[in-house]
Amino acid sequence: MGKKLVIVESPAKAKTIGKILGSSYVVKSSVGHIRDLPERTLGVDIEHGFAPKYVFSKGKAKVISELKKAAKTCDAVYLAPDPDREGEAIAWHLQETLSDAAKGKPFHRVQYNEITPRAVKAAFENPGTIDTHRVDAQQARRVLDRIVGYMVSPMLWRRIKRGLSAGRVQ
């Protein structure tokens, strides 16, 4: 049986989880989000259902290349970002990005609320799938942040102070 690829958000977490899971797992870090809306344009197709237009995040080319290489050589991919809507979106972006490299290999979503041997092993014994409702919730928040930020921020610049942002809708 070949190795299994595990992707977490932080390098420190990768090291700890790697020790817990052992040598049959390759644990890598995405170092947070790998895709986002473009920096200098709206990045939301308002006329077609508010569809986001994602691009790879600046400075992530090396990380993405390493993850694709690892996905090609492993038997399965375990997506293990944090168990919140941001983590769910990161898992979804990873699956979307790596699916071609993984060529039909299974993707699993694992979640744990504490990094202890018992909790991590239990999560890997019972993997799930990506919760698309949480991904949609995160995308809706991100799209609203962008639309409000792009429409209201210029008004703040004119009336209050240049450089202020109206983004981050909650």
# chains A, B, ... in the order shown; residues from 1 in each chain; ligands from 1

call {"tool": "residues_around", "arguments": {"residues": "region 128-142 of chain A", "least_positions_apart": "4", "cutoff": "10 Å", "atoms": "only C-alpha atoms", "output": "PyMOL selection string"}}
result
chain A and resi 36-37+44+50-52+78-79+84-93+95+107-111+123-124+146-147+167-170

call {"tool": "residues_around", "arguments": {"residues": "Lys105 (chain A)", "least_positions_apart": "4", "cutoff": "10 Å", "atoms": "only C-alpha atoms", "output": "list in words"}}
result
Ala71, Lys72, Cys74, Asp75, Ala76, Val77, Ser99, Asp100 and Ala101 of chain A

call {"tool": "residues_around", "arguments": {"residues": "Leu21 (chain A)", "least_positions_apart": "6", "cutoff": "10 Å", "atoms": "only C-alpha atoms", "output": "PyMOL selection string"}}
result
chain A and resi 6+27+117+120-121+124

call {"tool": "select_by_dssp", "arguments": {"residues": "chain A", "states": "strand (DSSP E)", "output": "ChimeraX atom specification"}}
result
/A:4-8,25-29,35-36,44-45,51-52,55-56,76-79,107-109

call {"tool": "closest_residue", "arguments": {"among": "A:Tyr25, A:Phe56, A:Tyr112, A:Tyr150", "to": "Leu42 (chain A)", "atoms": "only C-alpha atoms"}}
result
A:Tyr150

call {"tool": "closest_residue", "arguments": {"among": "A:Glu47, A:Glu96, A:Glu39, A:Asp82", "to": "Lys68 (chain A)", "atoms": "only C-alpha atoms"}}
result
A:Glu96

call {"tool": "select_by_dssp", "arguments": {"residues": "chain A", "states": "helix (DSSP H, G or I)", "output": "PyMOL selection string"}}
result
chain A and resi 11-21+61-73+85-102+117-125+132-159

call {"tool": "closest_residue", "arguments": {"among": "A:Val26, A:Ile34, A:Val8, A:Ile160", "to": "Thr73 (chain A)", "atoms": "only C-alpha atoms"}}
result
A:Val26

call {"tool": "atom_distance", "arguments": {"atom1": "CA of Asn126 (chain A)", "atom2": "CA of Lys28 (chain A)"}}
result
20.2 Å

call {"tool": "residues_around", "arguments": {"residues": "Arg35 (chain A)", "least_positions_apart": "2", "cutoff": "6 Å", "atoms": "only C-alpha atoms", "output": "ChimeraX atom specification"}}
result
/A:33,55-57

call {"tool": "residues_around", "arguments": {"residues": "Lys13 (chain A)", "least_positions_apart": "3", "cutoff": "12 Å", "atoms": "only C-alpha atoms", "output": "ChimeraX atom specification"}}
result
/A:6-10,16-20,27-32,80-82,114-116,120

call {"tool": "decode", "arguments": {"residues": "region 36-167 of chain A", "atoms": "C-alpha atoms", "output": "PDB file, in the first residue's frame"}}
result
ATOM      1  CA  ASP A  36      -8.531  33.957  -3.785  1.00  0.00           C
ATOM      2  CA  LEU A  37     -10.235  36.687  -5.762  1.00  0.00           C
ATOM      3  CA  PRO A  38      -7.785  38.795  -7.807  1.00  0.00           C
ATOM      4  CA  GLU A  39      -6.214  41.739  -5.987  1.00  0.00           C
ATOM      5  CA  ARG A  40      -6.726  44.509  -8.514  1.00  0.00           C
ATOM      6  CA  THR A  41     -10.108  43.709 -10.063  1.00  0.00           C
ATOM      7  CA  LEU A  42     -13.573  42.985  -8.704  1.00  0.00           C
ATOM      8  CA  GLY A  43     -13.225  39.271  -9.484  1.00  0.00           C
ATOM      9  CA  VAL A  44     -16.972  38.677  -9.246  1.00  0.00           C
ATOM     10  CA  ASP A  45     -19.172  38.192 -12.297  1.00  0.00           C
ATOM     11  CA  ILE A  46     -22.184  40.197 -11.113  1.00  0.00           C
ATOM     12  CA  GLU A  47     -24.145  39.538 -14.302  1.00  0.00           C
ATOM     13  CA  HIS A  48     -23.824  35.741 -14.053  1.00  0.00           C
ATOM     14  CA  GLY A  49     -24.980  34.796 -10.574  1.00  0.00           C
ATOM     15  CA  PHE A  50     -22.181  36.598  -8.709  1.00  0.00           C
ATOM     16  CA  ALA A  51     -19.737  33.848  -9.718  1.00  0.00           C
ATOM     17  CA  PRO A  52     -16.298  34.373  -8.177  1.00  0.00           C
ATOM     18  CA  LYS A  53     -13.260  34.323 -10.474  1.00  0.00           C
ATOM     19  CA  TYR A  54     -10.446  32.740  -8.477  1.00  0.00           C
ATOM     20  CA  VAL A  55      -6.734  33.092  -9.114  1.00  0.00           C
ATOM     21  CA  PHE A  56      -3.821  31.465  -7.336  1.00  0.00           C
ATOM     22  CA  SER A  57      -2.690  33.526  -4.370  1.00  0.00           C
ATOM     23  CA  LYS A  58       0.505  35.515  -4.756  1.00  0.00           C
ATOM     24  CA  GLY A  59       3.583  33.575  -3.673  1.00  0.00           C
ATOM     25  CA  LYS A  60       1.869  30.163  -3.686  1.00  0.00           C
ATOM     26  CA  ALA A  61       3.344  28.734  -6.913  1.00  0.00           C
ATOM     27  CA  LYS A  62       6.000  26.686  -5.077  1.00  0.00           C
ATOM     28  CA  VAL A  63       3.496  25.330  -2.532  1.00  0.00           C
ATOM     29  CA  ILE A  64       1.013  24.392  -5.276  1.00  0.00           C
ATOM     30  CA  SER A  65       3.758  22.710  -7.304  1.00  0.00           C
ATOM     31  CA  GLU A  66       4.879  20.650  -4.276  1.00  0.00           C
ATOM     32  CA  LEU A  67       1.300  19.637  -3.456  1.00  0.00           C
ATOM     33  CA  LYS A  68       0.622  18.572  -7.064  1.00  0.00           C
ATOM     34  CA  LYS A  69       3.815  16.514  -7.125  1.00  0.00           C
ATOM     35  CA  ALA A  70       2.844  14.821  -3.858  1.00  0.00           C
ATOM     36  CA  ALA A  71      -0.724  14.191  -5.103  1.00  0.00           C
ATOM     37  CA  LYS A  72       0.646  12.370  -8.160  1.00  0.00           C
ATOM     38  CA  THR A  73       2.679   9.952  -6.067  1.00  0.00           C
ATOM     39  CA  CYS A  74       0.199   9.195  -3.261  1.00  0.00           C
ATOM     40  CA  ASP A  75      -2.745   6.783  -3.203  1.00  0.00           C
ATOM     41  CA  ALA A  76      -5.260   9.128  -1.557  1.00  0.00           C
ATOM     42  CA  VAL A  77      -5.499  12.756  -0.485  1.00  0.00           C
ATOM     43  CA  TYR A  78      -6.726  13.740   2.979  1.00  0.00           C
ATOM     44  CA  LEU A  79      -7.742  17.382   3.292  1.00  0.00           C
ATOM     45  CA  ALA A  80      -7.296  18.460   6.903  1.00  0.00           C
ATOM     46  CA  PRO A  81      -7.549  22.256   7.189  1.00  0.00           C
ATOM     47  CA  ASP A  82      -9.283  23.765  10.222  1.00  0.00           C
ATOM     48  CA  PRO A  83     -12.889  22.707  10.959  1.00  0.00           C
ATOM     49  CA  ASP A  84     -14.468  26.100  10.191  1.00  0.00           C
ATOM     50  CA  ARG A  85     -15.903  27.616   7.023  1.00  0.00           C
ATOM     51  CA  GLU A  86     -12.510  29.060   6.025  1.00  0.00           C
ATOM     52  CA  GLY A  87     -10.952  25.610   6.438  1.00  0.00           C
ATOM     53  CA  GLU A  88     -13.762  24.062   4.419  1.00  0.00           C
ATOM     54  CA  ALA A  89     -13.131  26.567   1.620  1.00  0.00           C
ATOM     55  CA  ILE A  90      -9.397  25.863   1.739  1.00  0.00           C
ATOM     56  CA  ALA A  91     -10.147  22.128   1.437  1.00  0.00           C
ATOM     57  CA  TRP A  92     -12.428  22.791  -1.549  1.00  0.00           C
ATOM     58  CA  HIS A  93      -9.830  24.986  -3.271  1.00  0.00           C
ATOM     59  CA  LEU A  94      -7.197  22.301  -2.686  1.00  0.00           C
ATOM     60  CA  GLN A  95      -9.408  19.597  -4.178  1.00  0.00           C
ATOM     61  CA  GLU A  96     -10.247  21.788  -7.190  1.00  0.00           C
ATOM     62  CA  THR A  97      -6.557  22.559  -7.729  1.00  0.00           C
ATOM     63  CA  LEU A  98      -5.167  19.057  -7.180  1.00  0.00           C
ATOM     64  CA  SER A  99      -7.833  16.883  -8.831  1.00  0.00           C
ATOM     65  CA  ASP A 100      -6.026  16.773 -12.201  1.00  0.00           C
ATOM     66  CA  ALA A 101      -2.721  15.839 -10.567  1.00  0.00           C
ATOM     67  CA  ALA A 102      -4.415  13.200  -8.398  1.00  0.00           C
ATOM     68  CA  LYS A 103      -6.043  11.578 -11.484  1.00  0.00           C
ATOM     69  CA  GLY A 104      -9.063   9.896  -9.931  1.00  0.00           C
ATOM     70  CA  LYS A 105      -7.509   9.192  -6.539  1.00  0.00           C
ATOM     71  CA  PRO A 106      -9.940   9.614  -3.667  1.00  0.00           C
ATOM     72  CA  PHE A 107     -10.155  12.838  -1.689  1.00  0.00           C
ATOM     73  CA  HIS A 108     -11.234  12.705   1.958  1.00  0.00           C
ATOM     74  CA  ARG A 109     -12.058  15.522   4.379  1.00  0.00           C
ATOM     75  CA  VAL A 110     -10.830  14.970   7.915  1.00  0.00           C
ATOM     76  CA  GLN A 111     -11.648  17.215  10.857  1.00  0.00           C
ATOM     77  CA  TYR A 112     -10.484  17.249  14.445  1.00  0.00           C
ATOM     78  CA  ASN A 113     -10.954  19.782  17.204  1.00  0.00           C
ATOM     79  CA  GLU A 114      -7.747  19.019  19.052  1.00  0.00           C
ATOM     80  CA  ILE A 115      -4.331  17.840  17.968  1.00  0.00           C
ATOM     81  CA  THR A 116      -3.962  14.808  20.172  1.00  0.00           C
ATOM     82  CA  PRO A 117      -3.112  11.287  18.994  1.00  0.00           C
ATOM     83  CA  ARG A 118      -6.585  10.052  19.938  1.00  0.00           C
ATOM     84  CA  ALA A 119      -8.478  12.854  18.129  1.00  0.00           C
ATOM     85  CA  VAL A 120      -6.312  12.812  15.002  1.00  0.00           C
ATOM     86  CA  LYS A 121      -6.412   9.021  14.629  1.00  0.00           C
ATOM     87  CA  ALA A 122     -10.189   8.993  15.160  1.00  0.00           C
ATOM     88  CA  ALA A 123     -10.591  11.654  12.437  1.00  0.00           C
ATOM     89  CA  PHE A 124      -8.582   9.578   9.965  1.00  0.00           C
ATOM     90  CA  GLU A 125     -10.541   6.441  10.800  1.00  0.00           C
ATOM     91  CA  ASN A 126     -13.791   8.264   9.926  1.00  0.00           C
ATOM     92  CA  PRO A 127     -13.080  10.647   7.033  1.00  0.00           C
ATOM     93  CA  GLY A 128     -15.902  12.551   5.373  1.00  0.00           C
ATOM     94  CA  THR A 129     -16.431  14.779   2.383  1.00  0.00           C
ATOM     95  CA  ILE A 130     -16.294  18.530   1.892  1.00  0.00           C
ATOM     96  CA  ASP A 131     -19.388  20.312   3.226  1.00  0.00           C
ATOM     97  CA  THR A 132     -20.483  22.363   0.220  1.00  0.00           C
ATOM     98  CA  HIS A 133     -22.909  24.405   2.345  1.00  0.00           C
ATOM     99  CA  ARG A 134     -19.994  25.719   4.410  1.00  0.00           C
ATOM    100  CA  VAL A 135     -17.987  26.378   1.248  1.00  0.00           C
ATOM    101  CA  ASP A 136     -20.942  28.313  -0.189  1.00  0.00           C
ATOM    102  CA  ALA A 137     -21.249  30.294   3.052  1.00  0.00           C
ATOM    103  CA  GLN A 138     -17.586  31.268   2.940  1.00  0.00           C
ATOM    104  CA  GLN A 139     -17.795  32.173  -0.750  1.00  0.00           C
ATOM    105  CA  ALA A 140     -20.886  34.325  -0.145  1.00  0.00           C
ATOM    106  CA  ARG A 141     -19.098  36.192   2.644  1.00  0.00           C
ATOM    107  CA  ARG A 142     -16.001  36.659   0.469  1.00  0.00           C
ATOM    108  CA  VAL A 143     -18.037  37.892  -2.525  1.00  0.00           C
ATOM    109  CA  LEU A 144     -19.969  40.330  -0.303  1.00  0.00           C
ATOM    110  CA  ASP A 145     -16.687  41.566   1.187  1.00  0.00           C
ATOM    111  CA  ARG A 146     -15.397  42.254  -2.293  1.00  0.00           C
ATOM    112  CA  ILE A 147     -18.522  43.924  -3.664  1.00  0.00           C
ATOM    113  CA  VAL A 148     -19.029  46.150  -0.612  1.00  0.00           C
ATOM    114  CA  GLY A 149     -15.322  46.918  -0.431  1.00  0.00           C
ATOM    115  CA  TYR A 150     -15.102  47.896  -4.081  1.00  0.00           C
ATOM    116  CA  MET A 151     -18.222  50.036  -3.979  1.00  0.00           C
ATOM    117  CA  VAL A 152     -17.921  51.721  -0.578  1.00  0.00           C
ATOM    118  CA  SER A 153     -14.139  52.051  -0.095  1.00  0.00           C
ATOM    119  CA  PRO A 154     -13.700  54.769  -2.779  1.00  0.00           C
ATOM    120  CA  MET A 155     -16.376  56.825  -1.000  1.00  0.00           C
ATOM    121  CA  LEU A 156     -14.430  56.472   2.274  1.00  0.00           C
ATOM    122  CA  TRP A 157     -11.276  57.617   0.487  1.00  0.00           C
ATOM    123  CA  ARG A 158     -12.996  60.753  -0.783  1.00  0.00           C
ATOM    124  CA  ARG A 159     -14.775  61.657   2.447  1.00  0.00           C
ATOM    125  CA  ILE A 160     -12.656  60.368   5.318  1.00  0.00           C
ATOM    126  CA  LYS A 161      -9.142  59.123   4.540  1.00  0.00           C
ATOM    127  CA  ARG A 162      -7.358  57.505   1.602  1.00  0.00           C
ATOM    128  CA  GLY A 163      -6.559  53.819   2.085  1.00  0.00           C
ATOM    129  CA  LEU A 164      -9.503  52.899   4.318  1.00  0.00           C
ATOM    130  CA  SER A 165     -11.343  49.685   3.449  1.00  0.00           C
ATOM    131  CA  ALA A 166     -15.023  48.897   3.796  1.00  0.00           C
ATOM    132  CA  GLY A 167     -14.428  45.196   3.240  1.00  0.00           C
TER     133      GLY A 167
END
